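Quick look at entry05.txt (compact mmCIF, C-alpha atoms and all ligand atoms):
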```txt
# COMPACT_ATOMS: atom_id res chain seq x y z
CA MET A 30 48.18 -20.40 -7.21
CA LEU A 31 49.64 -17.04 -6.16
CA GLN A 32 51.48 -16.82 -9.48
CA TYR A 33 48.27 -17.68 -11.31
CA PHE A 34 46.37 -14.85 -9.61
CA GLU A 35 49.21 -12.38 -10.20
CA LYS A 36 49.22 -13.29 -13.88
CA VAL A 37 45.44 -12.77 -14.11
CA ILE A 38 45.76 -9.37 -12.39
CA SER A 39 48.44 -8.09 -14.75
CA GLY A 40 46.63 -9.49 -17.82
CA ILE A 41 43.33 -7.79 -16.94
CA ASN A 42 45.03 -4.53 -16.02
CA GLU A 43 46.65 -4.51 -19.47
CA LYS A 44 43.29 -5.15 -21.15
CA LEU A 45 41.51 -2.48 -19.08
CA ALA A 46 44.16 0.04 -20.10
CA GLN A 47 43.22 -0.52 -23.76
CA VAL A 48 39.40 -0.41 -23.61
CA GLY A 49 37.32 2.38 -25.08
CA PRO A 50 34.52 4.23 -23.20
CA GLU A 51 31.77 2.03 -24.73
CA ASP A 52 33.55 -1.33 -24.35
CA PRO A 53 32.15 -3.84 -21.83
CA VAL A 54 34.33 -3.86 -18.72
CA ALA A 55 32.15 -5.08 -15.84
CA ARG A 56 33.07 -8.77 -16.07
CA LYS A 57 36.77 -7.88 -16.36
CA LYS A 58 36.54 -5.65 -13.28
CA MET A 59 34.84 -8.40 -11.30
CA THR A 60 37.45 -10.97 -12.35
CA LEU A 61 40.19 -8.51 -11.42
CA GLU A 62 38.82 -8.03 -7.90
CA ILE A 63 38.33 -11.77 -7.39
CA ALA A 64 41.91 -12.37 -8.57
CA ARG A 65 43.11 -9.70 -6.11
CA LEU A 66 41.23 -11.50 -3.35
CA GLY A 67 42.80 -14.79 -4.49
CA ALA A 68 46.28 -13.25 -4.39
CA ARG A 69 45.66 -11.99 -0.85
CA LEU A 70 44.41 -15.41 0.26
CA PHE A 71 47.53 -17.07 -1.08
CA SER A 72 50.08 -14.36 -0.15
CA GLY A 73 50.43 -15.44 3.49
CA GLU A 74 50.41 -11.77 4.53
CA GLU A 75 46.87 -11.46 5.93
CA PRO A 76 44.66 -13.54 8.24
CA VAL A 77 42.79 -16.14 6.21
CA ALA A 78 39.65 -18.15 7.00
CA TRP A 79 38.49 -21.03 4.78
CA CYS A 80 34.72 -21.16 5.08
CA GLY A 81 31.41 -22.69 4.06
CA VAL A 82 29.35 -21.01 1.31
CA THR A 83 26.93 -19.22 3.63
CA ALA A 84 29.49 -17.74 6.04
CA PRO A 85 29.13 -13.95 6.61
CA PHE A 86 31.99 -12.68 4.43
CA ALA A 87 31.10 -9.03 5.03
CA LEU A 88 31.55 -9.50 8.79
CA LEU A 89 34.95 -11.11 8.14
CA THR A 90 35.85 -8.11 5.95
CA ALA A 91 34.83 -5.83 8.85
CA MET A 92 37.37 -7.72 10.99
CA ASP A 93 40.09 -7.55 8.29
CA VAL A 94 40.07 -11.28 7.67
CA ARG A 95 40.18 -12.65 4.11
CA GLY A 96 37.37 -15.19 3.98
CA CYS A 97 36.58 -17.56 1.12
CA TYR A 98 34.38 -20.62 0.70
CA VAL A 99 36.25 -23.77 -0.26
CA GLU A 100 33.98 -24.48 -3.24
CA PHE A 101 35.50 -21.40 -4.91
CA VAL A 102 38.78 -23.34 -5.16
CA GLY A 103 36.97 -26.36 -6.68
CA ALA A 104 35.30 -24.12 -9.29
CA LEU A 105 38.54 -22.30 -10.04
CA LEU A 106 40.46 -25.54 -10.58
CA ALA A 107 37.72 -26.79 -12.93
CA SER A 108 37.56 -23.54 -14.90
CA THR A 109 41.33 -23.53 -15.40
CA GLY A 110 41.36 -27.20 -16.47
CA THR A 111 43.54 -28.27 -13.54
CA SER A 112 41.09 -30.24 -11.41
CA GLU A 113 41.49 -33.75 -12.85
CA PRO A 114 44.70 -34.86 -11.07
CA LEU A 115 43.39 -33.38 -7.80
CA LEU A 116 40.06 -35.20 -8.12
CA ALA A 117 42.03 -38.40 -8.71
CA GLN A 118 44.24 -37.68 -5.70
CA ALA A 119 41.20 -37.25 -3.42
CA GLU A 120 39.72 -40.51 -4.72
CA GLN A 121 42.99 -42.37 -4.19
CA ALA A 122 42.97 -41.09 -0.60
CA GLY A 123 39.57 -42.78 -0.14
CA TYR A 124 37.05 -40.03 -0.95
CA SER A 125 34.12 -41.41 -2.89
CA PRO A 126 33.77 -40.48 -6.58
CA ASP A 127 30.05 -40.22 -5.74
CA SER A 128 30.66 -37.13 -3.62
CA CYS A 129 30.42 -33.53 -4.85
CA GLY A 130 33.19 -32.61 -7.32
CA TYR A 131 33.73 -29.21 -5.69
CA HIS A 132 34.62 -30.99 -2.47
CA ARG A 133 36.75 -33.71 -4.07
CA ALA A 134 38.75 -31.08 -5.99
CA VAL A 135 39.43 -28.93 -2.93
CA THR A 136 40.29 -32.03 -0.89
CA GLY A 137 42.83 -33.02 -3.55
CA ALA A 138 44.18 -29.45 -3.41
CA PHE A 139 44.81 -29.40 0.33
CA LEU A 140 46.14 -32.98 0.37
CA SER A 141 48.66 -31.98 -2.30
CA GLY A 142 49.76 -28.84 -0.43
CA MET A 143 48.20 -26.34 -2.85
CA MET A 144 46.01 -24.59 -0.29
CA PRO A 145 47.47 -21.94 2.00
CA GLU A 146 47.27 -22.64 5.71
CA PRO A 147 44.32 -20.74 7.21
CA ASP A 148 44.39 -18.97 10.57
CA PHE A 149 41.10 -20.65 11.43
CA VAL A 150 38.18 -22.34 9.72
CA ILE A 151 34.45 -21.51 9.64
CA GLY A 152 32.00 -24.22 8.62
CA THR A 153 28.31 -24.00 7.76
CA SER A 154 25.93 -26.95 8.03
CA ALA A 155 23.98 -25.71 4.95
CA PRO A 156 23.59 -25.78 1.98
CA CYS A 157 25.18 -29.21 2.46
CA THR A 158 26.72 -31.26 5.22
CA GLY A 159 29.19 -32.61 2.64
CA GLY A 160 30.73 -29.13 2.62
CA LEU A 161 30.89 -29.15 6.40
CA ALA A 162 32.68 -32.51 6.34
CA VAL A 163 35.33 -31.06 4.00
CA ILE A 164 35.74 -28.05 6.29
CA GLU A 165 36.18 -30.39 9.28
CA ASN A 166 38.82 -32.38 7.37
CA LEU A 167 40.58 -29.18 6.37
CA ALA A 168 40.65 -27.96 10.00
CA ARG A 169 42.09 -31.31 11.07
CA HIS A 170 44.61 -31.33 8.21
CA PHE A 171 45.98 -27.91 9.21
CA ASN A 172 45.34 -28.43 12.93
CA LYS A 173 43.29 -25.22 13.16
CA ASP A 174 40.36 -24.20 15.31
CA LEU A 175 36.92 -24.61 13.76
CA PHE A 176 33.77 -22.54 14.27
CA VAL A 177 30.55 -24.15 12.98
CA PHE A 178 27.27 -22.48 12.08
CA ASP A 179 24.46 -24.92 12.79
CA MET A 180 22.20 -23.38 10.14
CA PRO A 181 18.55 -23.23 11.25
CA ASN A 182 15.84 -24.38 8.86
CA PRO A 183 13.17 -23.49 7.82
CA LYS A 184 13.51 -19.74 7.63
CA SER A 185 11.47 -18.06 10.36
CA PRO A 186 11.89 -15.09 12.74
CA SER A 187 13.24 -17.37 15.49
CA ALA A 188 15.63 -19.07 13.00
CA ILE A 189 16.98 -15.65 11.99
CA GLN A 190 17.55 -14.72 15.63
CA ARG A 191 19.33 -18.02 16.27
CA GLN A 192 21.60 -17.42 13.27
CA ALA A 193 22.26 -13.83 14.45
CA GLN A 194 23.31 -15.21 17.84
CA GLN A 195 25.77 -17.55 16.10
CA MET A 196 27.16 -14.60 14.14
CA ARG A 197 27.84 -12.73 17.39
CA ALA A 198 29.62 -15.84 18.69
CA MET A 199 31.66 -16.01 15.45
CA LYS A 200 32.69 -12.38 15.94
CA ASP A 201 34.08 -13.31 19.40
CA PHE A 202 35.79 -16.41 17.96
CA VAL A 203 37.48 -14.31 15.23
CA ALA A 204 38.54 -11.61 17.73
CA ALA A 205 40.07 -14.28 19.98
CA HIS A 206 42.16 -15.56 17.04
CA THR A 207 43.24 -12.24 15.52
CA GLY A 208 43.56 -10.29 18.76
CA ARG A 209 41.40 -7.53 17.22
CA PRO A 210 37.83 -6.95 18.38
CA LEU A 211 35.22 -5.78 15.87
CA ASP A 212 35.44 -2.01 15.46
CA PRO A 213 31.85 -0.57 15.46
CA GLU A 214 32.80 2.24 13.05
CA ARG A 215 34.36 -0.19 10.61
CA LEU A 216 31.24 -2.36 10.84
CA GLN A 217 29.05 0.63 9.94
CA GLN A 218 31.22 1.29 6.88
CA VAL A 219 30.94 -2.36 5.83
CA VAL A 220 27.14 -2.28 6.28
CA ALA A 221 26.95 0.85 4.08
CA HIS A 222 29.06 -0.83 1.38
CA THR A 223 26.95 -3.99 1.61
CA ASN A 224 23.71 -2.09 1.18
CA ARG A 225 25.03 -0.07 -1.75
CA THR A 226 26.39 -3.19 -3.48
CA GLN A 227 23.08 -5.01 -2.97
CA GLU A 228 21.10 -2.07 -4.41
CA LEU A 229 23.32 -1.92 -7.49
CA LEU A 230 23.10 -5.68 -8.03
CA GLU A 231 19.31 -5.58 -7.72
CA GLU A 232 19.29 -2.92 -10.44
CA THR A 233 21.69 -5.01 -12.52
CA PHE A 234 19.51 -8.12 -12.38
CA GLY A 235 16.41 -6.01 -13.01
CA LEU A 236 18.08 -4.80 -16.21
CA ALA A 237 19.05 -8.35 -17.12
CA ALA A 238 15.33 -9.25 -17.08
CA THR A 239 14.67 -6.87 -20.02
CA VAL A 240 13.50 -8.46 -23.27
CA PRO A 241 15.92 -8.92 -24.99
CA THR A 242 18.39 -9.26 -22.14
CA PRO A 243 21.41 -6.95 -22.43
CA ALA A 244 23.65 -9.52 -20.67
CA ARG A 245 26.09 -11.44 -22.84
CA ARG A 246 26.55 -15.20 -22.47
CA ARG A 247 29.20 -15.08 -19.76
CA ASP A 248 28.44 -11.72 -18.10
CA LEU A 249 26.39 -13.00 -15.18
CA ILE A 250 27.76 -16.52 -14.67
CA ASN A 251 28.41 -17.15 -10.92
CA LEU A 252 28.07 -13.38 -10.36
CA ALA A 253 26.19 -13.34 -7.04
CA LEU A 254 28.28 -16.21 -5.63
CA LEU A 255 31.46 -14.29 -6.41
CA MET A 256 30.06 -10.95 -5.23
CA ALA A 257 29.36 -12.56 -1.83
CA LEU A 258 33.14 -12.62 -1.38
CA LEU A 259 33.41 -8.87 -2.13
CA MET A 260 30.40 -7.88 -0.03
CA GLY A 261 31.11 -5.02 2.38
CA SER A 262 34.14 -3.73 0.47
CA GLU A 263 34.65 -0.66 -1.73
CA ALA A 264 35.71 -3.02 -4.51
CA GLY A 265 32.30 -4.73 -4.30
CA VAL A 266 30.52 -1.39 -4.75
CA ALA A 267 32.72 -0.48 -7.74
CA VAL A 268 32.15 -3.81 -9.52
CA ALA A 269 28.38 -3.71 -8.94
CA ARG A 270 28.27 -0.12 -10.25
CA ALA A 271 30.21 -1.15 -13.37
CA TYR A 272 27.64 -3.88 -14.04
CA ARG A 273 24.65 -1.59 -13.44
CA ASP A 274 26.10 1.14 -15.71
CA GLU A 275 27.05 -1.28 -18.49
CA LEU A 276 23.65 -2.97 -18.62
CA SER A 277 21.74 0.34 -18.38
CA ARG A 278 23.70 1.74 -21.34
CA LYS A 279 22.89 -1.37 -23.36
CA VAL A 280 19.18 -1.33 -22.46
CA ALA A 281 18.97 2.38 -23.39
CA ALA A 282 20.62 1.65 -26.73
CA GLY A 283 18.51 -1.50 -27.34
CA VAL A 284 21.61 -3.74 -27.51
CA ALA A 285 20.88 -7.45 -26.97
CA GLY A 286 23.41 -9.65 -25.18
CA VAL A 287 22.48 -12.50 -27.55
CA PRO A 288 21.75 -10.83 -30.89
CA GLY A 289 18.42 -12.00 -32.31
CA GLU A 290 17.32 -13.49 -28.93
CA ARG A 291 14.57 -16.06 -29.55
CA MET A 292 14.55 -18.18 -26.43
CA ARG A 293 14.92 -17.23 -22.75
CA LEU A 294 16.16 -19.84 -20.31
CA MET A 295 16.63 -20.18 -16.56
CA TRP A 296 19.63 -22.11 -15.17
CA LEU A 297 19.08 -24.01 -11.94
CA GLN A 298 21.74 -24.39 -9.26
CA ASN A 299 25.38 -24.58 -10.51
CA ARG A 300 26.85 -23.75 -13.88
CA ILE A 301 29.18 -26.27 -15.48
CA GLN A 302 32.50 -24.85 -14.33
CA PHE A 303 34.86 -26.31 -16.95
CA LYS A 304 34.88 -25.26 -20.58
CA THR A 305 32.19 -26.91 -22.71
CA PRO A 306 30.69 -26.04 -26.09
CA LEU A 307 27.12 -26.25 -24.70
CA GLU A 308 26.50 -22.59 -23.87
CA GLU A 309 27.97 -21.48 -27.17
CA VAL A 310 25.66 -23.90 -28.99
CA LEU A 311 22.71 -22.42 -27.12
CA GLU A 312 23.62 -18.94 -28.25
CA LYS A 313 24.93 -19.48 -31.77
CA GLU A 314 22.61 -22.20 -33.01
CA HIS A 315 19.41 -21.46 -31.12
CA LYS A 316 19.63 -17.76 -30.21
CA ALA A 317 18.87 -18.87 -26.66
CA ALA A 318 19.93 -16.65 -23.75
CA VAL A 319 20.26 -17.84 -20.17
CA VAL A 320 18.61 -14.78 -18.63
CA VAL A 321 18.56 -15.90 -14.99
CA ASP A 322 20.52 -18.20 -12.71
CA GLU A 323 18.86 -19.51 -9.56
CA LEU A 324 21.99 -18.79 -7.54
CA ASN A 325 22.20 -15.19 -8.76
CA ASP A 326 18.95 -14.34 -7.02
CA LEU A 327 20.02 -14.07 -3.40
CA ASN A 328 18.18 -12.33 -0.59
CA TRP A 329 19.31 -8.74 -0.60
CA GLU A 330 17.07 -7.07 1.93
CA PRO A 331 18.92 -4.02 3.26
CA ILE A 332 20.98 -4.54 6.42
CA ASP A 333 19.75 -2.36 9.29
CA PRO A 334 22.85 -0.46 10.55
CA ASP A 335 21.38 -0.57 14.08
CA ASP A 336 21.00 -4.36 13.97
CA PRO A 337 23.52 -5.70 11.44
CA PHE A 338 23.77 -9.24 12.84
CA THR A 339 20.06 -9.86 12.24
CA GLY A 340 20.35 -8.55 8.65
CA TYR A 341 23.38 -10.68 7.81
CA ALA A 342 21.73 -13.69 9.52
CA ARG A 343 18.52 -13.29 7.45
CA ASN A 344 20.47 -13.06 4.22
CA SER A 345 22.63 -16.10 4.96
CA ILE A 346 19.75 -18.48 5.77
CA SER A 347 17.86 -17.30 2.67
CA PHE A 348 20.42 -18.87 0.29
CA PRO A 349 18.24 -20.79 -2.22
CA LEU A 350 19.74 -24.21 -1.46
CA CYS A 351 19.13 -23.70 2.29
CA LEU A 352 15.37 -23.38 1.72
CA SER A 353 12.87 -26.23 1.92
CA VAL A 354 12.01 -27.81 -1.46
CA LYS A 355 8.62 -26.11 -1.36
CA GLN A 356 10.18 -22.69 -0.73
CA ARG A 357 12.84 -23.33 -3.37
CA ALA A 358 10.26 -24.35 -5.99
CA ALA A 359 8.15 -21.26 -5.22
CA HIS A 360 11.26 -19.10 -5.67
CA LEU A 361 11.99 -20.72 -9.05
CA VAL A 362 8.41 -20.25 -10.24
CA GLU A 363 8.60 -16.57 -9.29
CA LEU A 364 11.92 -16.20 -11.17
CA ALA A 365 10.49 -17.94 -14.24
CA HIS A 366 7.64 -15.41 -14.39
CA ARG A 367 9.78 -12.38 -13.56
CA TYR A 368 12.33 -13.18 -16.29
CA GLN A 369 9.72 -14.45 -18.80
CA VAL A 370 11.58 -17.69 -19.50
CA HIS A 371 10.51 -20.35 -21.97
CA GLY A 372 12.23 -23.23 -20.20
CA ALA A 373 14.75 -24.21 -17.54
CA ILE A 374 17.96 -26.26 -17.51
CA ASN A 375 18.87 -28.22 -14.41
CA PRO A 376 22.35 -29.75 -14.58
CA CYS A 377 21.60 -32.09 -11.60
CA HIS A 378 25.22 -31.90 -10.45
CA TRP A 379 26.55 -35.39 -9.76
CA GLY A 380 27.10 -35.94 -6.05
CA CYS A 381 24.78 -33.14 -4.94
CA ARG A 382 21.87 -34.51 -2.95
CA GLN A 383 20.26 -31.07 -2.77
CA GLY A 384 20.27 -30.64 -6.53
CA THR A 385 19.72 -34.15 -7.80
CA GLY A 386 17.47 -35.36 -5.00
CA THR A 387 14.94 -32.61 -5.59
CA ARG A 388 14.88 -32.70 -9.40
CA GLY A 389 11.49 -34.44 -9.74
CA LEU A 390 9.69 -32.10 -7.33
CA ILE A 391 11.19 -28.97 -8.88
CA GLU A 392 10.42 -30.18 -12.39
CA ARG A 393 6.78 -30.88 -11.44
CA GLU A 394 6.27 -27.43 -9.91
CA LEU A 395 7.82 -25.59 -12.86
CA GLU A 396 5.98 -27.66 -15.46
CA ARG A 397 2.70 -26.96 -13.63
CA GLU A 398 3.42 -23.29 -14.40
CA GLY A 399 4.11 -24.03 -18.05
CA VAL A 400 7.91 -24.01 -17.75
CA PRO A 401 9.46 -27.23 -19.14
CA VAL A 402 12.66 -28.43 -17.47
CA LEU A 403 15.62 -30.24 -19.02
CA ASN A 404 17.33 -32.37 -16.36
CA LEU A 405 20.89 -33.17 -17.37
CA GLU A 406 23.14 -35.72 -15.68
CA VAL A 407 26.46 -33.95 -15.39
CA ASP A 408 29.25 -33.33 -12.91
CA CYS A 409 29.78 -29.56 -13.00
CA VAL A 410 33.40 -29.86 -11.80
CA ASP A 411 34.70 -33.25 -12.96
CA SER A 412 35.17 -33.26 -16.73
CA ARG A 413 36.43 -36.86 -16.90
CA ASN A 414 32.99 -38.36 -17.61
CA PHE A 415 31.64 -35.46 -19.62
CA SER A 416 30.05 -36.52 -22.90
CA PRO A 417 29.19 -33.39 -24.89
CA GLY A 418 27.66 -35.32 -27.82
CA GLN A 419 24.99 -36.93 -25.67
CA LEU A 420 24.17 -33.73 -23.78
CA ASN A 421 24.08 -31.75 -26.99
CA THR A 422 21.55 -34.14 -28.49
CA ARG A 423 19.28 -33.83 -25.46
CA MET A 424 19.61 -30.06 -25.44
CA GLU A 425 18.81 -29.87 -29.16
CA ALA A 426 15.64 -31.93 -28.64
CA PHE A 427 14.61 -29.75 -25.68
CA LEU A 428 15.09 -26.53 -27.63
CA GLU A 429 13.18 -27.88 -30.61
CA MET A 430 10.31 -28.74 -28.26
CA LEU A 431 10.41 -25.21 -26.79
CA GLU A 432 10.49 -23.75 -30.28
CA SER A 433 7.43 -25.75 -31.36
CA ARG A 434 5.51 -24.64 -28.21
CA ARG A 435 6.33 -21.04 -29.08
CA THR A 436 5.12 -21.28 -32.63
CA ASN A 437 1.97 -23.38 -31.97
S1 LIG B 501 26.82 -28.65 -5.42
FE1 LIG B 501 25.55 -29.52 -3.79
S2 LIG B 501 26.94 -30.87 -2.62
FE2 LIG B 501 28.22 -29.51 -3.90
S3 LIG B 501 28.71 -27.72 -2.62
FE3 LIG B 501 26.85 -27.19 -3.75
S4 LIG B 501 25.15 -27.80 -2.40
FE4 LIG B 501 26.99 -28.84 -1.65
```
In C-alpha cells, what does this structure look like?
Ligand code: SF4
Amino acid sequence: MLQYFEKVISGINEKLAQVGPEDPVARKKMTLEIARLGARLFSGEEPVAWCGVTAPFALLTAMDVRGCYVEFVGALLASTGTSEPLLAQAEQAGYSPDSCGYHRAVTGAFLSGMMPEPDFVIGTSAPCTGGLAVIENLARHFNKDLFVFDMPNPKSPSAIQRQAQQMRAMKDFVAAHTGRPLDPERLQQVVAHTNRTQELLEETFGLAATVPTPARRRDLINLALLMALLMGSEAGVAVARAYRDELSRKVAAGVAGVPGERMRLMWLQNRIQFKTPLEEVLEKEHKAAVVVDELNDLNWEPIDPDDPFTGYARNSISFPLCLSVKQRAAHLVELAHRYQVHGAINPCHWGCRQGTGTRGLIERELEREGVPVLNLEVDCVDSRNFSPGQLNTRMEAFLEMLESRRTN
C-alpha cells in the first residue's frame, strides 16, 4: 500500500509539472493530498488512528494524529480493482456476504496483514453499527485500545452537547495514548483552516449548481467524504481553493462540465467505487450530468473558535446517513430543488440497511416533489456480481422516461 501511494504521488507530481494555467488541476491536487495522507498512514512514522466515518478528523489533526475511516480502505481497494480476493478472504473467515462490501473488504485487508497497526482505534455508532463492529474487530485484531462515540439521534441541542462531551473525552483518550495534550493554539489554527475550507467548499458546490454545471463527470465524486480527512489542515484549504477557482473560471467562461448538458441528476448515498461504464454512458449517450451527490452536502456551519467542540459535534451528527429518514428525505428534496435536478439515482448499496432499508420512503418523498428515482440493486464495492448489461437497460429506460417528461 505504501508503494502504491508513493507511486500515485510521483505520478501526479509529474502531471502537475506539465499542466498549463487553464488546465483543470483541482481533482489532481485533491488526489495528491489524499495519497500523501495514505503514505503517512502506512509509513509507520506517525501516530495512526483507524476510525469510523463520523470521527472528528480535524481534532485528530490538531493532536498530530493521522486519522482515517476504515471505509476509505474498502473504497480504495475497489477503485484499484484489488478488492475481490480480500472480500473472498473475509467471507472465508465467516463474514457474511450480505454485509456491507466496504466492511468486508477492509476486514479482508486487516486479516491478510495489509493494514498498518494503529496506535488506537476510534469507533462511531453511526452511520451504521456494522462499521462499529468492524472497528471493534480491528481493535481486537491489533490488541489496541478503543474509544467509541455513542452517536446521539435525532439531532437536537442536547444531542449536540452530548456529542461535544464525548469529543472532550476523546481528546483526553488521545492525549493519554500519545503523551501530548491538545495545544490550544494549534486547535485555533485547525479551527481557522476548517472554517476556510468549509467556506471554499460551499462556494464550490454553489458553483456546481449552475446550469449547466461546470463540474466534469469525475470532479466531485466522493469529494466531501475525502475532504473530511483533510479538514483542519493547510492542504485542505489549498485543495478547496483550487476547486473554487477552477469552477469559477469555468462558470465565468460558460464552460459546461458535460458539453450539451440535457439532464441533471442527483446521486443518493454512495458512488459505485469500482470502474463501470455506467457514468460514461450517462454522459456520452444521454448528456446527463450528476450535479449533486447526497454525501457531498455535509453540514458546514462555521466552527466557533471559542467553543470548537460544540461546532465539531454539530457537524458530525449532521452527516446525512445519521439523520432520521424524515430529516434525510427533507434534505434530499431541498437538494433536488437547489440543484434543479430532473431525477435521482439510488444505488441501494447491497448490505447497507440505511440505504436499502429506506429506499421506498425516500423514493415516495422525492416523487411527491416531482423527482423520479431509479433504485438500482448494486454492491458499490464488490464487483463480482455486477451485471452492467442489466443496469444499463434500466438506466436507459429511466432516462428515456425523464426525457419524455421534459419534452411533454
Ligand atoms: S454503505 Fe451503509 S453499511 Fe456500508 S459503511 Fe456506509 S452506511 Fe455503513
### Task
Please write out the residues within 7 Å of ligand LIG 501 (chain B) as a list in words, counting all atoms listed in the file.
Glu100, Cys129, Gly130, Tyr131, His132, Pro156, Cys157, Gly159, Gly160, Asn299, Leu350, His378, Gly380, Cys381, Arg382, Gln383 and Gly384 of chain A
Close residues, A:Cys409 itself excluded, 9 Å, only C-alpha atoms, min 3 positions apart in chain, as a PDB file with C-alpha atoms, keeping the file's coordinate frame:
```pdb
ATOM      1  CA  ALA A 104      35.300 -24.120  -9.290  1.00  0.00           C
ATOM      2  CA  ALA A 107      37.720 -26.790 -12.930  1.00  0.00           C
ATOM      3  CA  GLY A 130      33.190 -32.610  -7.320  1.00  0.00           C
ATOM      4  CA  TYR A 131      33.730 -29.210  -5.690  1.00  0.00           C
ATOM      5  CA  ASN A 299      25.380 -24.580 -10.510  1.00  0.00           C
ATOM      6  CA  ARG A 300      26.850 -23.750 -13.880  1.00  0.00           C
ATOM      7  CA  ILE A 301      29.180 -26.270 -15.480  1.00  0.00           C
ATOM      8  CA  GLN A 302      32.500 -24.850 -14.330  1.00  0.00           C
ATOM      9  CA  PHE A 303      34.860 -26.310 -16.950  1.00  0.00           C
ATOM     10  CA  PRO A 376      22.350 -29.750 -14.580  1.00  0.00           C
ATOM     11  CA  CYS A 377      21.600 -32.090 -11.600  1.00  0.00           C
ATOM     12  CA  HIS A 378      25.220 -31.900 -10.450  1.00  0.00           C
ATOM     13  CA  TRP A 379      26.550 -35.390  -9.760  1.00  0.00           C
ATOM     14  CA  SER A 412      35.170 -33.260 -16.730  1.00  0.00           C
TER      15      SER A 412
END
```
### Message
Excluding A:Glu228 and its own-chain neighbours fewer than 3 positions away, which residues fall within 10 Å of it when counting all atoms listed in the file? Please give them as a ChimeraX atom specification.
### Response
/A:222-225,231-233,266,269-270,273,329-331
### Message
Counting all atoms listed in the file, which residue out of A:Pro114, A:Pro401, A:Gly81, A:Ala119 sits closest to A:Ser154?
### Response
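Of the candidates, the smallest distance to A:Ser154 is held by A:Gly81.
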Pick out the residues sitting within 10 Å of A:Val77, and hand them over as a PDB file with C-alpha atoms, in the coordinates of the input; count only C-alpha atoms, and ignore anything fewer than 4 positions along from it in its own chain.
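Okay, this is what ended up in part-v9.pdb:
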```pdb
ATOM      1  CA  ARG A  69      45.660 -11.990  -0.850  1.00  0.00           C
ATOM      2  CA  LEU A  70      44.410 -15.410   0.260  1.00  0.00           C
ATOM      3  CA  PHE A  71      47.530 -17.070  -1.080  1.00  0.00           C
ATOM      4  CA  SER A  72      50.080 -14.360  -0.150  1.00  0.00           C
ATOM      5  CA  GLY A  73      50.430 -15.440   3.490  1.00  0.00           C
ATOM      6  CA  LEU A  89      34.950 -11.110   8.140  1.00  0.00           C
ATOM      7  CA  ASP A  93      40.090  -7.550   8.290  1.00  0.00           C
ATOM      8  CA  VAL A  94      40.070 -11.280   7.670  1.00  0.00           C
ATOM      9  CA  ARG A  95      40.180 -12.650   4.110  1.00  0.00           C
ATOM     10  CA  GLY A  96      37.370 -15.190   3.980  1.00  0.00           C
ATOM     11  CA  CYS A  97      36.580 -17.560   1.120  1.00  0.00           C
ATOM     12  CA  PRO A 145      47.470 -21.940   2.000  1.00  0.00           C
ATOM     13  CA  GLU A 146      47.270 -22.640   5.710  1.00  0.00           C
ATOM     14  CA  PRO A 147      44.320 -20.740   7.210  1.00  0.00           C
ATOM     15  CA  ASP A 148      44.390 -18.970  10.570  1.00  0.00           C
ATOM     16  CA  PHE A 149      41.100 -20.650  11.430  1.00  0.00           C
ATOM     17  CA  VAL A 150      38.180 -22.340   9.720  1.00  0.00           C
TER      18      VAL A 150
END
```
List as a short mmCIF file (atom, residue, chain, number, x, y, z; two decimals) with C-alpha atoms, in the coordinates of the input the residues having at least one atom at most 12 Å from position (48.6, -15.2, -3.8) as given in the file, counting only C-alpha atoms.
```
data_model
loop_
_atom_site.label_atom_id
_atom_site.label_comp_id
_atom_site.auth_asym_id
_atom_site.auth_seq_id
_atom_site.Cartn_x
_atom_site.Cartn_y
_atom_site.Cartn_z
CA MET A 30 48.18 -20.40 -7.21
CA LEU A 31 49.64 -17.04 -6.16
CA GLN A 32 51.48 -16.82 -9.48
CA TYR A 33 48.27 -17.68 -11.31
CA PHE A 34 46.37 -14.85 -9.61
CA GLU A 35 49.21 -12.38 -10.20
CA LYS A 36 49.22 -13.29 -13.88
CA VAL A 37 45.44 -12.77 -14.11
CA ILE A 38 45.76 -9.37 -12.39
CA ILE A 63 38.33 -11.77 -7.39
CA ALA A 64 41.91 -12.37 -8.57
CA ARG A 65 43.11 -9.70 -6.11
CA LEU A 66 41.23 -11.50 -3.35
CA GLY A 67 42.80 -14.79 -4.49
CA ALA A 68 46.28 -13.25 -4.39
CA ARG A 69 45.66 -11.99 -0.85
CA LEU A 70 44.41 -15.41 0.26
CA PHE A 71 47.53 -17.07 -1.08
CA SER A 72 50.08 -14.36 -0.15
CA GLY A 73 50.43 -15.44 3.49
CA GLU A 74 50.41 -11.77 4.53
CA GLU A 75 46.87 -11.46 5.93
CA VAL A 77 42.79 -16.14 6.21
CA ARG A 95 40.18 -12.65 4.11
CA MET A 143 48.20 -26.34 -2.85
CA MET A 144 46.01 -24.59 -0.29
CA PRO A 145 47.47 -21.94 2.00
#
```
### Task
Mind checking which residues fall within 12 Å of A:Glu432, counting only C-alpha atoms, ignoring those fewer than 5 positions away in the same chain, and posting them as number ranges by chain?
A: 291-293, 315-317, 371-372, 401, 425-427, 437
### Summary
Across A:Gly289, A:Pro349, A:Pro53, A:Gly399, the smallest distance to A:Thr83, with only C-alpha atoms counted, is shown by A:Pro349
### Query
Suppose you want the space between atom CA of A:Thr226 and atom CA of A:Ser108; what is it in Å?
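About the pair atom CA of A:Thr226 and atom CA of A:Ser108: they are 25.9 Å apart.
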### Task
Within 9 Å of A:Val240, counting all atoms listed in the file, which residues show up once you throw out same-chain ones fewer than 6 positions away? Write them as a PyMOL selection string, please.
chain A and resi 285+290+293+368-369
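The nearest approach to A:Leu327 among the residues A:Leu390, A:Met256, A:Val410, A:Val280, with only C-alpha atoms taken into account, belongs to A:Met256.
Nearest-residue note for A:Val54: choosing from A:Ala134, A:Leu276, A:Met424, A:Lys355, the minimum distance belongs to A:Leu276, counting all atoms listed in the file.
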Pull the closest atom pair for each residue of stretch 258-357 of chain A that gets at most 7 Å from stretch 167-186 of chain A, along with the distance in Å to one decimal, counting all atoms listed in the file, ordering rows by chain and then ascending residue number, as a tab-separated table.
```
residue	atom	partner	partner_atom	distance
A:Ile346	CA	A:Lys184	CA	6.6
A:Leu352	CA	A:Pro183	CA	6.5
A:Ser353	CA	A:Pro183	CA	6.5
```
## Note on the structure
For A:Gln298, the closest of A:Thr90, A:Ser125, A:Thr339, A:Thr385 counting only C-alpha atoms is A:Thr385
### Task
Considering all atoms listed in the file, state which residue in the set A:Ala55, A:Val48, A:Leu61, A:Val284 is at the smallest distance from A:Ala271.
A:Ala55
Edge lengths and centre, in Å to one decimal, as lines of an AutoDock Vina configuration file: that's what I need for the box along x, y and z that holds all listed atoms of stretch 378-388 of chain A plus 3 Å on each side.
```
center_x = 21.0
center_y = -33.3
center_z = -6.6
size_x = 18.2
size_y = 11.3
size_z = 13.7
```
